[in-house]
Amino acid sequence: MKETNDDELNQEMEALRGLRKEIANLPDPQPSAAADRRFAEMLAAHTKPERSSGQTRRLRPAALLSIAATLLLLVFGLGWYFGSTESDAERQLAATRTLMLELMQDRRSSQRMHAATVSLDIDVADPEVIANLGLLLRTDENTNVRLAALDALRRFADAPAARREMLDAMGSDPPAAVRVQLLETLVGLNEKRVLPYLEEIISNDSIPRRLRDAAELGTFKLI
């Protein structure tokens, strides 16, 4: 059995030696004309001199892709920046609303007055803030708190909601000091809707003469 295996192994080795001889005797492969042409073109592409600075150079696709990616990042960056700024403004407005409501419920007039002045921290005519200022202007028991609310409303005088709050306050029978300030403010804004209130003041003999004179002067300016 061992001799048989040795014979088979010798035969396989002899076959391998024969195959190696045949491979060694094969002629060296010669490149085709097409292969020579492709090699020459590749070599020329790598050894081609750079164009002079006076000639226009085309951007490669990779360069165009890089520029596009940079512009895209810039657009997203600007969007994030302005979006973040807007979110900060919204958070500040929400905080102002919350603080204002808390201060309005305080028993101390100084704190309620502060409720009016915190609106100075915002630049937008927020409807909720304007409504809170109008409530202070119409209903607070302290004259100084009402005057502080009126001062704050003047900042938003171009907003129709702010003018409505002032007109409503005129009809709520405010203290004389507040009424004078309301009258002068609305006349200064050329708000003709205040005329009926001025006529009531002029015709009411129980109202101090100084206030009636101011109403007459305001009527003269508006008509």
# chains A, B, ... in the order shown; residues from 1 in each chain; ligands from 1

call {"tool": "residues_around", "arguments": {"residues": "Leu135 in chain A", "least_positions_apart": "3", "cutoff": "9 Å", "atoms": "only C-alpha atoms", "output": "tab-separated table (two decimals) with N, CA, C and O atoms, in the first residue's frame"}}
result
chain	number	residue	atom	x	y	z
A	130	ILE	N	-49.79	94.04	26.63
A	130	ILE	CA	-50.63	95.24	26.49
A	130	ILE	C	-51.92	95.09	27.29
A	130	ILE	O	-52.37	96.03	27.97
A	131	ALA	N	-52.52	93.90	27.25
A	131	ALA	CA	-53.75	93.67	28.01
A	131	ALA	C	-53.50	93.79	29.52
A	131	ALA	O	-54.33	94.35	30.26
A	132	ASN	N	-52.37	93.29	29.98
A	132	ASN	CA	-52.05	93.40	31.41
A	132	ASN	C	-51.82	94.85	31.82
A	132	ASN	O	-52.25	95.28	32.90
A	138	ARG	N	-56.69	100.54	34.30
A	138	ARG	CA	-58.12	100.71	34.59
A	138	ARG	C	-58.50	100.41	36.03
A	138	ARG	O	-59.41	101.05	36.58
A	139	THR	N	-57.83	99.45	36.65
A	139	THR	CA	-58.38	98.90	37.89
A	139	THR	C	-57.50	99.06	39.13
A	139	THR	O	-58.01	98.88	40.25
A	140	ASP	N	-56.22	99.35	38.98
A	140	ASP	CA	-55.38	99.37	40.18
A	140	ASP	C	-55.81	100.50	41.11
A	140	ASP	O	-56.16	101.61	40.67
A	149	ALA	N	-48.40	102.26	34.37
A	149	ALA	CA	-48.96	101.44	33.29
A	149	ALA	C	-49.20	102.28	32.03
A	149	ALA	O	-48.95	101.82	30.90
A	165	GLU	N	-56.87	100.19	24.87
A	165	GLU	CA	-56.75	100.13	26.33
A	165	GLU	C	-56.81	101.54	26.92
A	165	GLU	O	-57.43	101.76	27.97
A	169	ALA	N	-59.75	103.02	29.36
A	169	ALA	CA	-59.41	103.61	30.66
A	169	ALA	C	-60.07	104.98	30.83
A	169	ALA	O	-60.47	105.36	31.94

call {"tool": "residues_around", "arguments": {"residues": "Gly218 in chain A", "least_positions_apart": "5", "cutoff": "9 Å", "atoms": "only C-alpha atoms", "output": "list in words"}}
result
Leu183, Glu184, Leu186, Val187, Gly188, Leu195, Leu198, Asp213 and Ile223 of chain A

call {"tool": "atom_distance", "arguments": {"atom1": "CA of Ala161 in chain A", "atom2": "CA of Pro127 in chain A"}}
result
7.1 Å

call {"tool": "atom_distance", "arguments": {"atom1": "CA of Glu191 in chain A", "atom2": "CA of Arg210 in chain A"}}
result
21.1 Å

call {"tool": "atom_distance", "arguments": {"atom1": "CA of Lys221 in chain A", "atom2": "CA of Leu133 in chain A"}}
result
27.3 Å
